[in-house]
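Quick notes on the structure that follows.
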Amino acid sequence: MQQEIYHHPFDNGLTLVAEQMPHVRSAAFNFLIPAGCAYDPPDQLGLATVLTTLLTRGAGNRDSRQLSTALDNLGLDRDETVGVTHIRLWGATLARNLPSSLEIYADIVRRPHLPEEELEAAQALALQELHSLEDEPKQKALVALRRQHFPDPLGRDSRGTIEGIESLTPESIREHYQRCFQPHGLILSVAGNITWKPLVELVGRLFSDWHGEPLPPWTLGPQPPSRLHIEKDTHQTQIALAFPAVPVTHPRYYDALGMVNVLSGGMSARLFSEVREKHGLCYAIWATYQTFKDRAAVIAYAGTTNDRAQQTLDRTLAELRRLAEGIEEDEVARVQAGLKSTLIMSEESTSARAGSIASDWYYLGRVRSLDEIQKAIEGLTPKSILEYVRSHPLRDFTLVTLGPKPLQA
Amino acid sequence: MQFHHSSLPNGLQIVGESNPLARSVAVGFFVKTGSRDETPELAGVTHFLEHMIFKGTAKRDAFAVNRDFDAIGSHPNAYTSEENTVFHATCLPEYLPRVVEILTDILRPSLRPEDFETEKQVILEEIGMYYDQPSYTAYEAAKAAFFRGHPLAGSVLGTPETIKALKRDQMAEYFRRRYVANNITAVVAGNFRWEDLVREVSRYCEGWPKGECSREVRPCPGHPEVQVLSRESVVQEHSFLISPGPAAEDDLRYAAEVLSTVIGDDTGSRFYWALVDPGKVDVADMDYHGYEGTGAFYTYLSGDADEFADSLRIARGVLDQVQAEGITEEELTTAKSKISSRIVRGSEKPMGRMQALGYDWTYLKTYRTVDEELVAIERVSLADVRRLLDQYPLGQTTMVALGPLTRLDA
């Protein structure tokens with residue numbers, strides 16, 4: 001597959017990565033700013049979220065409304081999300097509007113007003129997001145699962161806590177911004193109908209005179225308890241479980257990915273087939289993979305009527321344990337076909353590519369070509385996946401349930 | 001980009017837009033049947049049938065259906081709305097013939113009694129899942145109230161009672177009436193050869209029967225009223241306001257897209273500045289839905305119950321002001337650039353183009369290129385928006401709130 005991938009490390013620690021996609025009219029970008037909620041001080045959980053809300057409320061020589069109108073007039077769809085490790089600013093628009101969009105984002109990232117008078121509104125929004133979680137049982141269970149499975153700060157949810165959000169002041173926001181927003185480790189990724197040279201020049205002009213100190217690494221807290229039941233009077237019981245896997249940086253990563261896809265890669269994968277198709281126990285059931293640099297987990301989810309929840313959990317666990325008994329040739333062939341077509345189709349989405357090249361750069365310090373990934377996928381065999389499964393037996397798993405009654409595992 | 005159209009002697013339509021630069025191809029079978037075509041005792045049968053389609057045929061059981069789709073790395077899915085049931089898949093170009101073979105095979109399902117009973121449990125689980133989501137419950141209640149007495153009032157999922165009572169033979173009879181060839185359009189977009197596609201579709205579908213297949217179509221002005229559904233376990237207040245809008249086939253739909261973007265897009269809209277920016281609510285958005293013969297604007301608000309009466313007053317104030325004064329030239333321009341950019345980006349994936357093609361063919365019996373779509377948006381004028389507001393007043397709302405509040409004075 002012909003691909004044009006570029007990167008440029010600037011002296012101040014910021015890296016620009018880009019993929020040229022001449023067959024599209026749009027372009028998408030990501031700023032991965034290493035200032036996720038893992039850096040929130042323990043008594044100010046929710047700080048990164050409130051700061052991110054304030055980022056777009058005026059920057060450079062534009063106030064909040066002027067900024068919003070300028071971005072809207074560029075036809076820019078945008079989103080600001082706070083993860084554990086990064087704040088991500090995403091945007092996508094017509095390729096011809098990319099340079100003007102990046103000019104404005106240089107203001108947002110480097111010269112936000114963070115207006116004091118808007119802090120209260122941003123706090124109110126953050127508190128409502130926290131309350132909204134109570135009305136979304138699936139999300140609530142998954143948030144709790146991550147908190148129980150990963151040690152702090154990796155298990156954090158960016159929504160923070162009521163006390164943390166309420167404690168924020170204009171000074172704490174400003175200090176946090178000063179400390180966390182700096183070019184070291186910041187990744188800007190762009191994918192779409194772009195030309196590399198003018199792009200490097202533009203990004204250089206906008207960001208190369210920016211300097212700062214990298215943040216010290218966080219220290220991990222103790223491993224939280226592996227069982228939690230959240231009692232709630234719901235129609236369905238939410239079942240969320242997690243077990244360790246090798247991270248994307250590990251040589252056996254593709255075998256771990258293969259395993260997750262044997263479980264949940266398509267409609268013929270084991271969880272859907274056995275738990276839903278054969279027994280009709282649930283509507284939603286899936287497993288996915290979540291990675292950090294040094295650790296990763298498989299996260300599995302099912303939601304089901306309370307009186308069938310125990311049976312659903314038992315069957316799900318039985319499927320996880322059955323992996324070690326053997327994996328079929330044709331299962332792996334289907335996993336390979338599915339991964340390969342997803343890979344090729346990603347070339348039709350500027351957002352997907354902008355996301356992939358940014359995360360590759362963060363985790364691996366390079367961008368994997370589609371050919372490299374495809375070769376690795378083609379190299380999967382029942383034996384390689386089985387070896388992986390057997391050397392990582394399902395011993396320690398974290399289980400969170402939400403519903404009227406706890407379950408036995 | 002090239003457009004093609006053909007139809008089989010039994011009335012099945014085939015439309016396609018080929019793009020040799022695409023990496024993949026998307027195919028969809030649009031069956032023109034949905035919850036509005038159900039009688040009250042059959043509520044939910046269309047959606048349940050959509051699930052049963054994947055449970056197999058004379059030559060494939062459910063596991064074989066799933067295995068065959070997965071073996072070629074295709075991404076199949078389906079959805080049921082008030083008006084359409086759509087079965088679709090994306091795949092790499094070389095696998096299109098196989099995807100067409102699988103899709104056309106499953107569209108003649110066996111509806112085996114044992115599968116019917118197992119899948120009934122899955123449907124009940126799906127209903128249960130939505131029951132625990134207050135925003136969805138509020139949406140369903142508001143839609144039922146707004147469209148009361150109109151075929152669009154019914155729930156797509158049905159109710160636990162109608163699903164439990166449903167018999168396999170009732171579903172088979174519904175299938176026989178609605179899945180006739182002349183009620184189905186095959187839509188393809190992406191990298192494919194038209195001649196190959198027509199040959200494959202004809203081969204598998206030419207024997208499908210045709211039949212009389214109609215639908216009751218009439219406008220719905222709505223029923224202005226207020227309902228407060230009190231649920232102690234819900235934390236935030238969730239509310240839908242619905243007002244009438246133009247039909248899917250009405251030229252005013254472009255103005256409706258613009259208007260809902262100006263009022264309720266998630267960035268820079270009137271609702272954003274009046275409600276989200278000051279932190280009154282965490283969600284305030286407006287969407288336009290065009291149906292056959294009628295349409296509606298849906299406003300969704302969710303926020304703290306304590307302040308909700310005030311938030312609702314502000315939202316109504318926004319609607320009243322737009323009704324009285326219209327929108328500004330600047331808002332019109334901004335909305336157009338947002339919508340145009342989304343159209344261009346959406347059309348870069350074969351799946352996005354296939355959906356647009358299917359929609360245009362199902363509702364308008366026409367084909368439009370991406371550029372024609374952009375021109376239609378560009379042409380919307382302030383006078384069109386005024387005409388829209390006069391014909392479909394925003395203040396004429398049906399409101400349902402669900403959450404901790406027991407009453408709401410707004």
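Ligands are numbered from 1 in the order shown, residues from 1 within each chain, and chains are lettered A, B, ... in the order they appear in the structure tokens.
The residues of chain B lying at most 6 Å from chain A, with only C-alpha atoms taken into account, are Asn66, Arg67, Asp70, Ala71, Ile72, Gly73, Thr118, Glu119, Gln121, Val122, Glu125, Glu126, Gly268, Pro278, Gly279, Asp282, Thr334, Ser337, Lys338, Ser341 and Lys349 of chain B.
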For Ile106 (chain B), please output as a PyMOL selection string all residues within 9 Å (counting only C-alpha atoms; exclusion window: fewer than 6 positions along the same chain). chain B and resi 53-57+60+65
Just the residues within 12 Å of Ser167 (chain A), please, counting only C-alpha atoms, with nothing from its chain fewer than 3 positions along; format it as a PyMOL selection string. chain A and resi 41-47+50+119-120+123+127+160-164+170-173
DSSP helix (DSSP H, G or I) residues within region 260-342 of chain A, as JSON, numbers by chain: {"A": [260, 261, 262, 263, 264, 270, 271, 272, 273, 274, 275, 276, 277, 278, 306, 307, 308, 309, 310, 311, 312, 313, 314, 315, 316, 317, 318, 319, 320, 321, 322, 323, 324, 325, 329, 330, 331, 332, 333, 334, 335, 336, 337, 338, 339, 340, 341, 342]}
Output file for the residues above (C-alpha atoms, as a compact mmCIF listing (two decimals), in the first residue's frame):
# COMPACT_ATOMS: atom_id res chain seq x y z
CA VAL A 260 -9.17 -10.08 21.75
CA ASN A 261 -10.47 -10.52 18.22
CA VAL A 262 -11.03 -14.25 18.66
CA LEU A 263 -13.22 -13.20 21.58
CA SER A 264 -14.91 -10.21 20.02
CA ARG A 270 -16.81 -16.27 20.63
CA LEU A 271 -18.52 -13.91 23.06
CA PHE A 272 -21.24 -12.83 20.64
CA SER A 273 -21.76 -16.37 19.32
CA GLU A 274 -21.87 -18.19 22.61
CA VAL A 275 -23.48 -15.72 24.97
CA ARG A 276 -25.86 -13.85 22.67
CA GLU A 277 -26.53 -16.00 19.59
CA LYS A 278 -26.69 -19.38 21.27
CA ASN A 306 -31.02 -9.00 36.57
CA ASP A 307 -32.28 -12.57 36.94
CA ARG A 308 -30.03 -13.79 34.12
CA ALA A 309 -26.95 -11.79 35.12
CA GLN A 310 -25.25 -14.61 37.04
CA GLN A 311 -25.69 -16.96 34.10
CA THR A 312 -24.30 -14.33 31.72
CA LEU A 313 -21.24 -13.77 33.89
CA ASP A 314 -20.64 -17.52 34.23
CA ARG A 315 -20.82 -18.05 30.48
CA THR A 316 -18.60 -15.07 29.77
CA LEU A 317 -15.94 -16.29 32.19
CA ALA A 318 -16.22 -19.81 30.76
CA GLU A 319 -15.48 -18.39 27.30
CA LEU A 320 -12.46 -16.51 28.60
CA ARG A 321 -11.13 -19.69 30.24
CA ARG A 322 -11.89 -21.83 27.19
CA LEU A 323 -9.39 -19.79 25.13
CA ALA A 324 -6.51 -21.77 26.64
CA GLU A 325 -8.07 -25.04 25.44
CA GLU A 329 -7.44 -22.27 12.16
CA ASP A 330 -10.58 -20.72 10.63
CA GLU A 331 -11.14 -18.45 13.64
CA VAL A 332 -7.73 -16.93 13.10
CA ALA A 333 -8.37 -16.61 9.37
CA ARG A 334 -11.52 -14.60 10.15
CA VAL A 335 -9.65 -12.42 12.63
CA GLN A 336 -7.01 -11.74 9.98
CA ALA A 337 -9.61 -10.89 7.33
CA GLY A 338 -11.39 -8.50 9.70
CA LEU A 339 -8.23 -6.72 10.84
CA LYS A 340 -6.97 -6.42 7.29
CA SER A 341 -10.11 -4.82 5.91
CA THR A 342 -10.35 -2.42 8.87
Identify which of the residues B:Leu157, B:Cys213, B:Ile163, B:Leu301 lies closest to Asp37 (chain B), counting only C-alpha atoms when measuring atom-to-atom distances. B:Cys213
Residues near region 150-155 of chain B, cut-off 8 Å, only C-alpha atoms, skip fewer than 3 positions along chain, as a list in words: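 Skipping anything fewer than 3 positions along the chain leaves Ser35, Arg36, Asp37, Pro40, Ala43, Gly44, Glu82, Glu140, Lys143, Ala144, Ala145, Phe146, Phe147, Gly158, Thr159, Glu216 and Cys220 of chain B.
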Counting only C-alpha atoms, the residue of A:Glu201, A:Gln139, A:Val190, A:Ala48 that sits nearest Glu175 (chain A): A:Ala48
Would you give me, as a PDB file with C-alpha atoms, in the first residue's frame, the residues in region 26-272 of chain A that DSSP reads as strand (DSSP E or B)?
ATOM      1  CA  SER A  26     -10.583  16.932   3.881  1.00  0.00           C
ATOM      2  CA  ALA A  27      -7.957  16.988   6.575  1.00  0.00           C
ATOM      3  CA  ALA A  28      -8.046  16.069  10.249  1.00  0.00           C
ATOM      4  CA  PHE A  29      -5.664  16.887  13.075  1.00  0.00           C
ATOM      5  CA  ASN A  30      -4.962  15.953  16.684  1.00  0.00           C
ATOM      6  CA  PHE A  31      -3.034  17.776  19.330  1.00  0.00           C
ATOM      7  CA  LEU A  32      -1.955  15.175  21.883  1.00  0.00           C
ATOM      8  CA  ILE A  33      -0.955  17.305  24.847  1.00  0.00           C
ATOM      9  CA  ALA A  59      -7.515  32.876  22.938  1.00  0.00           C
ATOM     10  CA  ARG A  62     -10.293  36.630  19.919  1.00  0.00           C
ATOM     11  CA  ASP A  77     -15.867  19.932  13.472  1.00  0.00           C
ATOM     12  CA  ARG A  78     -13.992  19.762  16.730  1.00  0.00           C
ATOM     13  CA  ASP A  79     -13.824  17.995  20.013  1.00  0.00           C
ATOM     14  CA  GLU A  80     -11.724  18.376  23.138  1.00  0.00           C
ATOM     15  CA  THR A  81     -11.323  15.289  25.299  1.00  0.00           C
ATOM     16  CA  VAL A  82      -9.348  14.573  28.423  1.00  0.00           C
ATOM     17  CA  ILE A  87      -5.630  16.138  26.521  1.00  0.00           C
ATOM     18  CA  ARG A  88      -6.647  15.634  22.922  1.00  0.00           C
ATOM     19  CA  LEU A  89      -7.826  18.469  20.691  1.00  0.00           C
ATOM     20  CA  TRP A  90      -9.323  17.046  17.520  1.00  0.00           C
ATOM     21  CA  GLY A  91     -10.519  18.893  14.449  1.00  0.00           C
ATOM     22  CA  ALA A  92     -11.543  18.016  10.907  1.00  0.00           C
ATOM     23  CA  THR A  93     -12.491  20.186   7.975  1.00  0.00           C
ATOM     24  CA  LEU A  94     -11.847  20.799   4.286  1.00  0.00           C
ATOM     25  CA  PRO A 112      -5.768  30.884  25.979  1.00  0.00           C
ATOM     26  CA  ILE A 187       2.385  15.467  19.284  1.00  0.00           C
ATOM     27  CA  LEU A 188       0.571  17.221  16.481  1.00  0.00           C
ATOM     28  CA  SER A 189      -0.729  14.801  13.854  1.00  0.00           C
ATOM     29  CA  VAL A 190      -2.319  15.739  10.549  1.00  0.00           C
ATOM     30  CA  ALA A 191      -3.835  13.462   7.908  1.00  0.00           C
ATOM     31  CA  GLY A 192      -5.540  14.384   4.674  1.00  0.00           C
ATOM     32  CA  ARG A 227     -14.130  -6.671  43.174  1.00  0.00           C
ATOM     33  CA  LEU A 228     -16.748  -3.961  43.371  1.00  0.00           C
ATOM     34  CA  HIS A 229     -20.519  -4.010  43.298  1.00  0.00           C
ATOM     35  CA  ILE A 230     -22.436  -0.785  42.805  1.00  0.00           C
ATOM     36  CA  GLU A 231     -25.946  -1.164  44.079  1.00  0.00           C
ATOM     37  CA  GLN A 236     -30.422  -4.651  33.808  1.00  0.00           C
ATOM     38  CA  THR A 237     -27.236  -5.624  35.592  1.00  0.00           C
ATOM     39  CA  GLN A 238     -24.041  -4.227  34.111  1.00  0.00           C
ATOM     40  CA  ILE A 239     -21.087  -6.596  34.090  1.00  0.00           C
ATOM     41  CA  ALA A 240     -17.619  -5.177  33.423  1.00  0.00           C
ATOM     42  CA  LEU A 241     -14.437  -7.138  33.775  1.00  0.00           C
ATOM     43  CA  ALA A 242     -10.789  -6.631  32.987  1.00  0.00           C
ATOM     44  CA  PHE A 243      -7.645  -8.731  32.911  1.00  0.00           C
ATOM     45  CA  PRO A 244      -4.035  -7.832  32.110  1.00  0.00           C
ATOM     46  CA  ALA A 245      -2.590  -8.026  28.597  1.00  0.00           C
TER      47      ALA A 245
END
Can you pull out every residue within 9 Å of Gln391 (chain B), counting only C-alpha atoms, but drop anything in the same chain fewer than 5 positions away, and send it as a short mmCIF file (atom, residue, chain, number, x, y, z; two decimals) with C-alpha atoms, in the first residue's frame?
data_model
loop_
_atom_site.label_atom_id
_atom_site.label_comp_id
_atom_site.auth_asym_id
_atom_site.auth_seq_id
_atom_site.Cartn_x
_atom_site.Cartn_y
_atom_site.Cartn_z
CA GLY B 245 -41.16 20.37 10.42
CA PRO B 246 -41.12 19.79 6.67
CA ARG B 386 -38.65 32.72 7.12
#
In Å to one decimal, how far is CA of Val109 (chain A) from CA of Lys293 (chain A)?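 Those two atoms sit 24.6 Å apart.
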Determine the nearest neighbour of Leu374 (chain B) from the options B:Leu319, B:Ile327, B:Ile343, B:Leu12, counting only C-alpha atoms. B:Ile343
Can you pull out every residue within 7 Å of Ser18 (chain B), counting only C-alpha atoms, but drop anything in the same chain fewer than 2 positions away, and send it as a ChimeraX atom specification? /B:1-3,16,20,189-192
Can you pull out every residue within 9 Å of region 368-373 of chain A, counting only C-alpha atoms, but drop anything in the same chain fewer than 2 positions away, and send it as a PyMOL selection string? chain A and resi 1-3+5+340+343-344+357+360-361+364+366+375-378
Distance CA of Asp63 (chain A)-CA of Ala106 (chain A), one decimal place? 14.7 Å
